[in-house]
file data17.txt (compact mmCIF, C-alpha atoms)
# COMPACT_ATOMS: atom_id res chain seq x y z
CA MET A 14 -24.77 -22.63 -2.40
CA ALA A 15 -24.69 -21.27 1.14
CA GLU A 16 -22.07 -18.59 1.61
CA GLU A 17 -19.44 -19.38 4.17
CA VAL A 18 -17.60 -16.33 5.42
CA LYS A 19 -14.96 -16.62 8.13
CA LEU A 20 -12.83 -13.84 9.53
CA ILE A 21 -9.59 -14.84 11.22
CA ARG A 22 -8.62 -12.07 13.60
CA THR A 23 -7.32 -11.13 17.04
CA TRP A 24 -9.42 -9.38 19.68
CA SER A 25 -7.50 -6.12 19.34
CA SER A 26 -6.22 -5.81 15.78
CA PRO A 27 -7.46 -2.51 14.32
CA PHE A 28 -6.83 -3.88 10.83
CA ALA A 29 -9.16 -6.78 11.51
CA LEU A 30 -11.77 -4.42 12.96
CA ARG A 31 -12.01 -2.73 9.54
CA ILE A 32 -13.21 -6.01 8.12
CA VAL A 33 -15.73 -6.57 10.91
CA TRP A 34 -17.15 -3.12 10.16
CA ALA A 35 -17.33 -3.70 6.41
CA LEU A 36 -19.06 -7.05 6.78
CA LYS A 37 -21.59 -5.66 9.27
CA LEU A 38 -22.29 -2.55 7.20
CA LYS A 39 -23.02 -4.76 4.21
CA GLY A 40 -25.16 -7.10 6.32
CA ILE A 41 -22.97 -10.13 5.61
CA GLU A 42 -23.17 -13.03 8.05
CA PHE A 43 -19.77 -14.25 9.15
CA GLU A 44 -18.02 -16.44 11.68
CA THR A 45 -15.13 -15.04 13.74
CA VAL A 46 -12.09 -17.19 14.36
CA LEU A 47 -10.07 -15.65 17.18
CA GLU A 48 -6.36 -16.10 16.84
CA ASP A 49 -3.58 -16.07 19.44
CA LEU A 50 -0.57 -14.70 17.59
CA ALA A 51 1.81 -16.20 20.14
CA SER A 52 0.57 -19.60 19.01
CA LYS A 53 -0.60 -19.38 15.41
CA SER A 54 -3.23 -21.87 14.30
CA PRO A 55 -2.78 -24.24 11.34
CA LEU A 56 -5.75 -22.46 9.74
CA LEU A 57 -3.93 -19.10 9.84
CA LEU A 58 -0.63 -20.54 8.60
CA GLN A 59 -2.43 -22.28 5.78
CA SER A 60 -4.60 -19.27 4.88
CA ASN A 61 -1.83 -16.68 4.96
CA PRO A 62 1.42 -18.56 4.44
CA VAL A 63 3.24 -15.48 3.10
CA HIS A 64 2.73 -13.12 6.06
CA LYS A 65 1.15 -15.34 8.74
CA LYS A 66 -0.84 -12.30 9.92
CA VAL A 67 -4.43 -11.30 10.62
CA PRO A 68 -6.89 -10.40 9.33
CA VAL A 69 -7.67 -13.09 6.80
CA LEU A 70 -11.09 -13.38 5.21
CA VAL A 71 -11.96 -16.91 4.13
CA HIS A 72 -14.86 -16.91 1.67
CA ASN A 73 -16.14 -20.36 0.71
CA GLY A 74 -12.74 -21.78 1.59
CA LYS A 75 -10.72 -19.18 -0.36
CA PRO A 76 -8.47 -16.93 1.77
CA VAL A 77 -7.87 -13.22 1.16
CA SER A 78 -5.18 -11.37 3.16
CA GLU A 79 -4.13 -7.73 3.68
CA SER A 80 -6.90 -5.59 5.14
CA LEU A 81 -7.18 -3.02 2.32
CA VAL A 82 -7.17 -5.83 -0.26
CA ILE A 83 -9.92 -7.57 1.75
CA LEU A 84 -12.00 -4.38 1.82
CA GLU A 85 -11.79 -4.09 -1.98
CA TYR A 86 -12.71 -7.78 -2.27
CA ILE A 87 -15.76 -7.33 -0.04
CA GLU A 88 -16.78 -4.25 -2.03
CA GLU A 89 -16.57 -6.15 -5.34
CA THR A 90 -18.19 -9.36 -4.11
CA TRP A 91 -21.15 -7.88 -2.22
CA LYS A 92 -22.21 -4.92 -4.30
CA GLU A 93 -25.10 -3.66 -2.15
CA LYS A 94 -24.44 -0.70 0.18
CA PRO A 95 -21.30 0.41 -1.68
CA LEU A 96 -18.37 1.70 0.33
CA LEU A 97 -16.49 3.26 -2.55
CA PRO A 98 -17.70 6.15 -4.73
CA GLU A 99 -18.69 5.45 -8.36
CA ASP A 100 -16.44 8.08 -9.87
CA PRO A 101 -12.91 6.79 -10.63
CA TYR A 102 -11.30 10.03 -9.44
CA GLU A 103 -13.14 9.96 -6.12
CA LYS A 104 -12.24 6.28 -5.77
CA ALA A 105 -8.58 7.14 -6.37
CA SER A 106 -8.82 9.79 -3.69
CA SER A 107 -10.21 7.27 -1.17
CA ARG A 108 -7.43 4.83 -1.99
CA PHE A 109 -4.76 7.52 -1.78
CA TRP A 110 -5.86 8.54 1.72
CA ALA A 111 -6.32 4.94 2.90
CA LYS A 112 -2.71 4.32 1.88
CA PHE A 113 -1.67 7.54 3.63
CA SER A 114 -3.42 6.38 6.79
CA ASP A 115 -1.53 3.09 6.85
CA GLU A 116 1.86 4.23 5.60
CA LYS A 117 2.21 7.66 7.20
CA LEU A 118 -0.51 8.57 9.69
CA LEU A 119 -0.68 5.43 11.77
CA PRO A 120 3.11 4.95 12.08
CA SER A 121 3.59 8.61 13.03
CA VAL A 122 0.87 8.48 15.69
CA TRP A 123 2.22 5.19 17.00
CA THR A 124 5.73 6.67 17.31
CA VAL A 125 4.37 9.49 19.47
CA PHE A 126 2.81 7.02 21.84
CA ILE A 127 5.77 4.72 22.28
CA SER A 128 8.25 7.59 22.72
CA GLN A 129 9.32 9.42 25.83
CA GLY A 130 10.57 12.93 26.59
CA ASN A 131 12.47 14.66 23.77
CA LYS A 132 11.91 11.84 21.34
CA GLN A 133 8.17 12.24 21.83
CA GLU A 134 8.42 16.01 21.25
CA GLU A 135 10.18 15.31 17.95
CA ALA A 136 7.69 12.63 16.97
CA LEU A 137 4.80 15.05 17.46
CA VAL A 138 5.84 17.19 14.49
CA PRO A 139 5.12 14.72 11.66
CA ALA A 140 2.12 13.26 13.52
CA LEU A 141 0.43 16.65 13.84
CA GLU A 142 1.24 17.48 10.22
CA ASN A 143 -0.32 14.21 9.06
CA LEU A 144 -3.38 14.81 11.23
CA GLN A 145 -3.76 18.25 9.66
CA PHE A 146 -3.80 16.69 6.16
CA ILE A 147 -6.56 14.34 7.26
CA GLU A 148 -8.47 17.16 8.98
CA GLU A 149 -8.55 19.03 5.66
CA GLN A 150 -10.04 16.02 3.92
CA LEU A 151 -13.15 16.35 6.09
CA GLU A 152 -13.88 19.88 4.84
CA GLY A 153 -17.60 20.07 3.99
CA LYS A 154 -18.17 16.41 4.80
CA LYS A 155 -19.86 14.42 7.51
CA PHE A 156 -17.86 11.25 6.88
CA PHE A 157 -14.75 10.81 4.73
CA GLY A 158 -17.11 9.03 2.34
CA GLY A 159 -19.41 12.09 2.21
CA GLU A 160 -22.94 11.77 3.55
CA LYS A 161 -22.45 8.09 4.25
CA ILE A 162 -19.67 6.05 5.79
CA GLY A 163 -17.22 4.76 3.19
CA LEU A 164 -14.08 2.72 2.73
CA LEU A 165 -11.87 5.60 3.81
CA ASP A 166 -13.79 5.96 7.08
CA LEU A 167 -13.14 2.27 7.74
CA ALA A 168 -9.47 2.66 6.85
CA ILE A 169 -9.04 5.64 9.21
CA GLY A 170 -11.46 4.17 11.76
CA TRP A 171 -8.60 2.96 13.96
CA MET A 172 -8.42 6.57 15.12
CA ALA A 173 -11.88 6.39 16.63
CA ASP A 174 -11.02 4.30 19.67
CA MET A 175 -7.28 3.69 19.49
CA VAL A 176 -6.32 7.33 19.78
CA SER A 177 -8.34 7.98 22.93
CA VAL A 178 -6.90 4.80 24.47
CA LEU A 179 -3.38 5.93 23.62
CA GLU A 180 -4.14 9.41 24.94
CA GLU A 181 -5.29 7.95 28.25
CA VAL A 182 -2.22 5.71 28.53
CA THR A 183 0.24 8.54 27.90
CA GLY A 184 -1.68 11.49 29.31
CA LEU A 185 -0.99 13.32 26.04
CA LYS A 186 -3.97 14.82 24.20
CA LEU A 187 -3.09 14.47 20.53
CA ILE A 188 -6.37 15.35 18.86
CA GLN A 189 -7.26 18.61 20.53
CA GLU A 190 -10.73 19.83 19.64
CA ASP A 191 -9.69 23.39 18.89
CA LYS A 192 -6.86 22.26 16.60
CA PHE A 193 -8.79 19.44 14.94
CA PRO A 194 -12.49 20.32 15.12
CA LEU A 195 -13.53 18.28 12.08
CA LEU A 196 -11.58 15.19 13.11
CA SER A 197 -12.95 15.43 16.66
CA ALA A 198 -16.50 15.64 15.32
CA TRP A 199 -15.89 12.75 12.94
CA ILE A 200 -14.52 10.53 15.71
CA GLU A 201 -17.78 11.01 17.62
CA ILE A 202 -20.09 10.46 14.65
CA PHE A 203 -18.12 7.45 13.45
CA ALA A 204 -18.00 5.80 16.87
CA ASP A 205 -21.76 6.29 17.15
CA VAL A 206 -22.64 4.36 13.99
CA PRO A 207 -24.37 1.23 15.39
CA GLU A 208 -22.22 -1.30 13.48
CA ILE A 209 -19.10 0.49 14.75
CA LYS A 210 -20.35 0.95 18.30
CA GLU A 211 -21.16 -2.69 18.84
CA SER A 212 -17.86 -3.96 17.44
CA GLY A 213 -15.16 -2.32 19.52
CA ALA A 214 -12.79 -4.21 21.76
CA PRO A 215 -13.31 -3.72 25.52
CA ARG A 216 -11.73 -0.37 26.39
CA GLU A 217 -10.17 -1.45 29.70
CA LYS A 218 -8.52 -4.40 28.01
CA LEU A 219 -7.11 -2.10 25.29
CA ILE A 220 -5.79 0.30 27.91
CA SER A 221 -3.98 -2.51 29.75
CA LYS A 222 -2.54 -3.82 26.52
CA PHE A 223 -1.17 -0.48 25.36
CA GLN A 224 0.07 0.44 28.81
CA ALA A 225 2.11 -2.77 28.79
CA ILE A 226 3.48 -2.02 25.31
CA ARG A 227 4.46 1.53 26.28
CA ASP A 228 6.12 0.30 29.49
CA ALA A 229 8.08 -2.26 27.48
CA TYR A 230 9.36 0.46 25.13
CA ALA A 231 10.27 2.70 28.06
CA ALA A 232 12.19 -0.16 29.67
CA THR A 233 14.33 -0.71 26.57
CA LYS A 234 15.61 2.87 26.56
CA MET B 15 -11.11 14.10 -25.03
CA GLU B 16 -9.50 15.05 -21.75
CA GLU B 17 -5.82 15.81 -21.55
CA VAL B 18 -3.53 13.27 -19.89
CA LYS B 19 -0.20 14.34 -18.44
CA LEU B 20 2.34 12.15 -16.65
CA ILE B 21 4.91 13.76 -14.37
CA GLY B 22 7.79 11.36 -13.89
CA SER B 23 11.54 11.40 -13.40
CA TRP B 24 13.75 9.18 -15.49
CA PRO B 25 14.57 6.37 -14.78
CA SER B 26 12.19 5.94 -11.85
CA PRO B 27 10.65 2.47 -11.93
CA TYR B 28 7.49 3.96 -10.41
CA GLY B 29 7.21 6.30 -13.39
CA TYR B 30 7.74 3.41 -15.78
CA ARG B 31 4.76 1.59 -14.25
CA ILE B 32 2.50 4.39 -15.44
CA ILE B 33 4.16 4.70 -18.85
CA TRP B 34 3.61 0.99 -19.42
CA ALA B 35 -0.02 1.03 -18.23
CA LEU B 36 -0.86 3.99 -20.47
CA ASN B 37 0.88 2.29 -23.40
CA LEU B 38 -1.01 -0.96 -22.85
CA LYS B 39 -4.26 0.99 -22.87
CA GLY B 40 -3.26 2.98 -25.95
CA VAL B 41 -3.76 6.24 -24.07
CA LYS B 42 -1.93 9.25 -25.49
CA TYR B 43 -0.26 11.43 -22.90
CA GLU B 44 2.19 14.24 -22.44
CA TYR B 45 5.27 13.31 -20.42
CA VAL B 46 6.96 15.84 -18.17
CA ASP B 47 10.29 14.91 -16.63
CA GLU B 48 10.93 16.31 -13.20
CA ASP B 49 14.30 17.19 -11.68
CA LEU B 50 13.80 15.86 -8.16
CA SER B 51 16.69 17.90 -6.77
CA ASN B 52 14.81 21.02 -7.81
CA LYS B 53 11.10 20.25 -7.65
CA SER B 54 8.81 22.32 -9.84
CA GLN B 55 5.89 24.39 -8.59
CA MET B 56 3.70 22.16 -10.71
CA LEU B 57 4.76 19.02 -8.83
CA LEU B 58 4.38 20.67 -5.44
CA GLN B 59 0.93 21.86 -6.43
CA TYR B 60 -0.19 18.48 -7.79
CA ASN B 61 1.27 16.37 -4.99
CA PRO B 62 1.56 18.58 -1.92
CA ILE B 63 1.36 15.65 0.50
CA HIS B 64 4.27 13.53 -0.71
CA LYS B 65 5.94 15.84 -3.26
CA LYS B 66 6.86 12.77 -5.29
CA ILE B 67 6.49 11.35 -8.76
CA PRO B 68 4.72 9.82 -10.55
CA VAL B 69 1.66 12.03 -10.74
CA LEU B 70 -0.98 11.49 -13.40
CA VAL B 71 -2.97 14.58 -14.29
CA HIS B 72 -6.21 13.81 -16.12
CA GLY B 73 -8.30 16.75 -17.22
CA GLN B 74 -6.49 18.95 -14.65
CA LYS B 75 -7.16 16.50 -11.79
CA PRO B 76 -4.02 15.02 -10.21
CA ILE B 77 -3.64 11.47 -8.91
CA ALA B 78 -0.57 10.43 -6.93
CA GLU B 79 0.88 7.09 -5.70
CA SER B 80 1.72 4.69 -8.50
CA THR B 81 -0.50 1.80 -7.36
CA VAL B 82 -3.46 4.18 -6.93
CA ILE B 83 -2.77 5.59 -10.41
CA LEU B 84 -2.68 2.08 -11.89
CA GLU B 85 -6.14 1.31 -10.48
CA TYR B 86 -7.40 4.66 -11.78
CA ILE B 87 -6.11 3.93 -15.26
CA GLU B 88 -7.73 0.48 -15.22
CA GLU B 89 -11.11 1.95 -14.25
CA THR B 90 -11.03 4.97 -16.50
CA TRP B 91 -9.96 3.06 -19.63
CA PRO B 92 -11.50 -0.38 -19.08
CA HIS B 93 -10.56 -1.87 -22.51
CA ASN B 94 -7.44 -4.08 -22.63
CA SER B 95 -8.18 -5.11 -19.08
CA LEU B 96 -5.21 -5.22 -16.70
CA LEU B 97 -7.02 -6.90 -13.81
CA PRO B 98 -8.96 -10.19 -13.86
CA LYS B 99 -12.76 -10.05 -13.82
CA ASP B 100 -13.20 -12.39 -10.85
CA PRO B 101 -13.05 -10.63 -7.43
CA TYR B 102 -10.91 -13.39 -5.89
CA GLU B 103 -8.38 -13.25 -8.73
CA ARG B 104 -8.36 -9.47 -8.40
CA ALA B 105 -7.67 -9.79 -4.68
CA LEU B 106 -4.68 -12.03 -5.44
CA ALA B 107 -3.39 -9.54 -8.02
CA ARG B 108 -3.61 -6.76 -5.43
CA PHE B 109 -2.06 -8.91 -2.71
CA TRP B 110 1.07 -9.43 -4.81
CA ILE B 111 1.23 -5.76 -5.74
CA LYS B 112 1.25 -4.93 -2.03
CA PHE B 113 3.86 -7.62 -1.41
CA ILE B 114 6.27 -6.16 -3.93
CA GLU B 115 5.63 -2.64 -2.58
CA GLU B 116 6.47 -3.71 0.97
CA LYS B 117 9.60 -5.55 -0.06
CA SER B 118 11.14 -2.66 -1.99
CA PRO B 119 13.29 -1.57 0.99
CA THR B 120 14.99 -4.97 0.88
CA PHE B 121 15.88 -4.55 -2.77
CA MET B 122 16.94 -0.97 -2.14
CA ALA B 123 19.25 -2.26 0.59
CA PHE B 124 20.70 -4.80 -1.85
CA TYR B 125 21.47 -1.95 -4.23
CA VAL B 126 23.15 0.48 -1.82
CA ALA B 127 24.47 -1.57 1.07
CA VAL B 128 28.00 -2.84 1.55
CA GLY B 129 29.67 -5.44 3.74
CA GLU B 130 27.56 -7.16 6.38
CA GLU B 131 24.47 -5.12 5.60
CA GLN B 132 24.72 -6.20 2.01
CA GLU B 133 25.05 -9.85 3.01
CA LYS B 134 21.86 -9.53 5.02
CA ALA B 135 20.07 -7.75 2.17
CA ILE B 136 21.10 -10.42 -0.33
CA LYS B 137 19.74 -13.16 1.90
CA GLU B 138 16.44 -11.35 2.43
CA ALA B 139 16.09 -10.47 -1.23
CA ARG B 140 16.52 -14.10 -2.24
CA GLU B 141 13.89 -15.15 0.34
CA GLN B 142 11.38 -12.62 -0.99
CA LEU B 143 12.10 -13.63 -4.58
CA LYS B 144 11.57 -17.27 -3.65
CA ILE B 145 8.11 -16.45 -2.29
CA LEU B 146 7.32 -14.50 -5.45
CA GLU B 147 8.64 -17.32 -7.66
CA GLU B 148 6.81 -20.15 -5.95
CA GLN B 149 3.66 -18.62 -4.53
CA GLY B 150 3.11 -15.51 -6.63
CA LEU B 151 4.06 -16.54 -10.13
CA GLY B 152 4.44 -20.32 -10.20
CA ASP B 153 3.94 -21.85 -13.64
CA LYS B 154 1.94 -18.97 -15.04
CA LYS B 155 3.17 -16.84 -17.91
CA PHE B 156 2.18 -13.64 -16.14
CA PHE B 157 1.09 -13.12 -12.54
CA CYS B 158 -2.63 -13.41 -13.31
CA GLY B 159 -2.46 -15.93 -16.13
CA ASN B 160 -1.82 -15.58 -19.82
CA GLU B 161 -2.31 -11.87 -20.10
CA ILE B 162 -0.16 -9.07 -18.72
CA GLY B 163 -1.69 -7.16 -15.81
CA LEU B 164 -1.13 -4.61 -13.10
CA THR B 165 0.87 -7.03 -10.96
CA ASP B 166 3.37 -7.59 -13.77
CA ILE B 167 3.61 -3.85 -14.29
CA ALA B 168 4.23 -3.31 -10.57
CA CYS B 169 6.97 -5.95 -10.66
CA GLY B 170 8.43 -4.62 -13.91
CA TRP B 171 11.51 -3.16 -12.26
CA MET B 172 12.67 -6.76 -11.72
CA ALA B 173 13.25 -6.96 -15.45
CA THR B 174 16.24 -4.64 -14.93
CA ILE B 175 17.61 -6.37 -11.84
CA ASP B 176 20.50 -7.71 -13.93
CA VAL B 177 21.79 -4.13 -14.20
CA ILE B 178 21.81 -3.74 -10.42
CA GLU B 179 23.44 -7.16 -10.08
CA GLU B 180 26.20 -6.08 -12.43
CA ILE B 181 26.83 -2.87 -10.48
CA VAL B 182 26.75 -4.56 -7.09
CA GLY B 183 28.74 -7.55 -8.35
CA VAL B 184 26.34 -10.08 -6.83
CA GLN B 185 23.64 -12.09 -8.50
CA VAL B 186 20.39 -12.64 -6.60
CA LEU B 187 18.01 -13.63 -9.35
CA ASP B 188 19.90 -16.54 -10.91
CA SER B 189 18.11 -18.67 -13.49
CA ASP B 190 18.80 -21.94 -11.66
CA SER B 191 17.00 -20.84 -8.50
CA PHE B 192 14.38 -18.72 -10.26
CA PRO B 193 13.45 -20.33 -13.59
CA CYS B 194 9.87 -19.00 -13.51
CA LEU B 195 10.89 -15.41 -12.81
CA HIS B 196 13.53 -15.62 -15.54
CA ALA B 197 10.94 -16.79 -18.04
CA TRP B 198 8.61 -14.06 -16.81
CA ILE B 199 11.27 -11.37 -17.36
CA ASN B 200 11.74 -12.52 -20.95
CA ASN B 201 8.01 -12.59 -21.60
CA PHE B 202 7.52 -9.21 -19.95
CA LYS B 203 10.12 -7.48 -22.09
CA GLN B 204 8.47 -8.74 -25.29
CA VAL B 205 5.01 -7.34 -24.63
CA PRO B 206 4.06 -4.57 -27.09
CA GLY B 207 3.74 -1.43 -25.03
CA ILE B 208 6.54 -2.53 -22.68
CA LYS B 209 9.09 -3.32 -25.36
CA GLU B 210 9.07 0.09 -26.98
CA ASP B 211 9.40 1.95 -23.70
CA PHE B 212 11.95 -0.14 -21.89
CA PRO B 213 14.85 1.66 -20.23
CA ASP B 214 18.08 1.58 -22.22
CA ARG B 215 20.50 -0.78 -20.47
CA ASP B 216 23.66 1.28 -20.88
CA GLN B 217 21.93 4.42 -19.75
CA ILE B 218 20.51 2.95 -16.56
CA LEU B 219 23.75 1.11 -15.85
CA ALA B 220 25.61 4.42 -15.86
CA TYR B 221 22.89 6.14 -13.86
CA TYR B 222 22.58 3.54 -11.10
CA LYS B 223 26.32 3.02 -10.85
CA HIS B 224 26.85 6.73 -10.35
CA LYS B 225 24.08 6.90 -7.78
CA ARG B 226 25.46 3.97 -5.81
CA ASP B 227 28.96 5.46 -5.80
CA MET B 228 27.58 8.77 -4.54
CA PHE B 229 25.54 7.06 -1.85
CA ILE B 230 28.44 4.98 -0.59
CA ALA B 231 30.75 7.98 -0.59
CA SER B 232 28.28 10.04 1.40
CA THR B 233 27.62 7.34 4.00
CA SER B 234 31.17 6.12 4.59
CA SER B 235 33.13 7.77 7.38
call {"tool": "encode", "arguments": {"input": "data17.txt", "output": "structure tokens"}}
result
Amino acid sequence: MAEEVKLIRTWSSPFALRIVWALKLKGIEFETVLEDLASKSPLLLQSNPVHKKVPVLVHNGKPVSESLVILEYIEETWKEKPLLPEDPYEKASSRFWAKFSDEKLLPSVWTVFISQGNKQEEALVPALENLQFIEEQLEGKKFFGGEKIGLLDLAIGWMADMVSVLEEVTGLKLIQEDKFPLLSAWIEIFADVPEIKESGAPREKLISKFQAIRDAYAATK
Amino acid sequence: MEEVKLIGSWPSPYGYRIIWALNLKGVKYEYVDEDLSNKSQMLLQYNPIHKKIPVLVHGQKPIAESTVILEYIEETWPHNSLLPKDPYERALARFWIKFIEEKSPTFMAFYVAVGEEQEKAIKEAREQLKILEEQGLGDKKFFCGNEIGLTDIACGWMATIDVIEEIVGVQVLDSDSFPCLHAWINNFKQVPGIKEDFPDRDQILAYYKHKRDMFIASTSS
């Protein structure tokens, strides 16, 4: 039976981008269905009735939602070019840090970028602490996955272009090379991987989008 | 045979998840109860990032975050499988685990809130439970079919929701609106491995009542 793989996503969602990367790294052919979240399609509402969010992977008609769940599904369904280590302890470590990225790191970085003045100063403290934890995870490694790109790289991959976009929008350099040498090096290597490089959203479009979001937050003060 | 240690703190539902998983796998372990108001050096060393329980220590190697620990247990002791074999079924199991994780603030709010905030929490809790009842569980005995699994374990705290309801004086999980979840709770409590290590009702009633009183006293002006 021919495989039918569809990815429902938006042009800018970093969570959806993880799935694009995973599918490309595994060499899986897929069709993209671009979604306008202001006007959700019947396909999205039917495929993810609980959350009505992207990304959703639809494999031979069966929908899978939640980006980290989708990554595990992809890993288990297409076993070539594994993204997770074999060893259960190393796997647990990848999952722990992927969870950290979504639950702590990303929210703390986001808060820095939508805040102004004193509030931003305060928000920097946990963000820098979280970045330091991640920096330490790169000790002795090229990628978070070791010699090769792995699931954790994909989970943290939002840092690779989003952070520089946010830095440009706010004029605040969060990931300074002298403070975060390993993370800075990783961002460059990761962004240079062909499957990653060819998949990013247009930078100017991202800058406009995040500028608008930041302005909206500033206006509600 | 490598040593297994579980650091928990009675009556944490997150700790119970691990106790139940280890029981279902027949894994012998040493249990260490932590006083969270006075965290031990051991805890801080094993979970420096979050400083929380549960932590599983297997052959000196620590794993933190209950859902990460559950996956580790499943992979390390694959007999008495707690996840389905099929990748799609596994994705569904993980989707519902994430769902219940994300909704825990709502249930927390139900437990500690008063007045208007409580009204709001009750409404939200019932909505989330409805989704779980109809889309998560449905007619099945357990979340993934006839056998108990990780999703049931993750949802296990719901089996003591009647205690919270008694303390708060409001019922959210009534048997008329939630017949499937009610049946599930009864089935869950009977499973060997869960049954023997189920929190004592009187003890947790006293504990949670005291905690709620303290919380309300400290937050009222």
call {"tool": "closest_atom_pairs", "arguments": {"input": "data17.txt", "of": "chain B", "to": "chain A", "cutoff": "7 Å", "atoms": "only C-alpha atoms", "output": "tab-separated table"}}
result
residue	atom	partner	partner_atom	distance
B:Glu79	CA	A:Phe109	CA	6.9
B:Val82	CA	A:Ala105	CA	5.9
B:Tyr86	CA	A:Pro101	CA	6.0
B:Glu89	CA	A:Pro101	CA	6.3
B:Thr90	CA	A:Pro101	CA	6.4
B:Pro101	CA	A:Tyr86	CA	5.9
B:Tyr102	CA	A:Tyr86	CA	6.9
B:Ala105	CA	A:Tyr86	CA	5.9
B:Arg108	CA	A:Val82	CA	6.3
B:Phe109	CA	A:Val82	CA	6.4
call {"tool": "write_last_selection", "arguments": {"input": "data17.txt", "atoms": "C-alpha atoms", "output": "PDB file, in the frame of the given file"}}
result
ATOM      1  CA  GLU B  79       0.880   7.090  -5.700  1.00  0.00           C
ATOM      2  CA  VAL B  82      -3.460   4.180  -6.930  1.00  0.00           C
ATOM      3  CA  TYR B  86      -7.400   4.660 -11.780  1.00  0.00           C
ATOM      4  CA  GLU B  89     -11.110   1.950 -14.250  1.00  0.00           C
ATOM      5  CA  THR B  90     -11.030   4.970 -16.500  1.00  0.00           C
ATOM      6  CA  PRO B 101     -13.050 -10.630  -7.430  1.00  0.00           C
ATOM      7  CA  TYR B 102     -10.910 -13.390  -5.890  1.00  0.00           C
ATOM      8  CA  ALA B 105      -7.670  -9.790  -4.680  1.00  0.00           C
ATOM      9  CA  ARG B 108      -3.610  -6.760  -5.430  1.00  0.00           C
ATOM     10  CA  PHE B 109      -2.060  -8.910  -2.710  1.00  0.00           C
TER      11      PHE B 109
END
call {"tool": "atom_distance", "arguments": {"input": "data17.txt", "atom1": "atom CA of Ser221 of chain A", "atom2": "atom CA of Thr23 of chain A"}}
result
15.7 Å
call {"tool": "residues_around", "arguments": {"input": "data17.txt", "residues": "Ser197 of chain A", "least_positions_apart": "5", "cutoff": "12 Å", "atoms": "only C-alpha atoms", "output": "number ranges by chain"}}
result
A: 144-145, 147-148, 151, 155-156, 172-174, 176-177, 186-192, 202-204
call {"tool": "closest_residue", "arguments": {"input": "data17.txt", "among": "A:Ile41, A:Val46, A:Ile21, A:Val138", "to": "Lys65 of chain A", "atoms": "all atoms listed in the file"}}
result
A:Ile21
call {"tool": "axis_aligned_box", "arguments": {"input": "data17.txt", "around": "segment 191-201 of chain A", "padding_each_side": "8 Å", "output": "JSON"}}
result
{"center_x": -12.3, "center_y": 17.0, "center_z": 15.5, "size_x": 26.9, "size_y": 28.9, "size_z": 22.8}
call {"tool": "residues_around", "arguments": {"input": "data17.txt", "residues": "Ser26 of chain A", "least_positions_apart": "4", "cutoff": "9 Å", "atoms": "all atoms listed in the file", "output": "list in words"}}
result
Arg22, Leu30, Val67 and Pro68 of chain A
call {"tool": "closest_residue", "arguments": {"input": "data17.txt", "among": "B:Pro62, B:Pro76, B:Pro213, B:Pro193", "to": "Ala173 of chain B", "atoms": "all atoms listed in the file"}}
result
B:Pro213
call {"tool": "residues_around", "arguments": {"input": "data17.txt", "residues": "segment 137-145 of chain B", "least_positions_apart": "5", "cutoff": "12 Å", "atoms": "only C-alpha atoms", "output": "VMD selection string"}}
result
(chain A and resid 62 to 64) or (chain B and resid 110 113 to 125 130 to 132 150 to 152 169 172 175 179 184 to 196)
call {"tool": "closest_residue", "arguments": {"input": "data17.txt", "among": "B:Val18, B:Leu146, B:Ile111, B:Val205", "to": "Gln74 of chain B", "atoms": "only C-alpha atoms"}}
result
B:Val18
call {"tool": "atom_distance", "arguments": {"input": "data17.txt", "atom1": "atom CA of Leu97 of chain B", "atom2": "atom CA of Cys158 of chain B"}}
result
7.9 Å
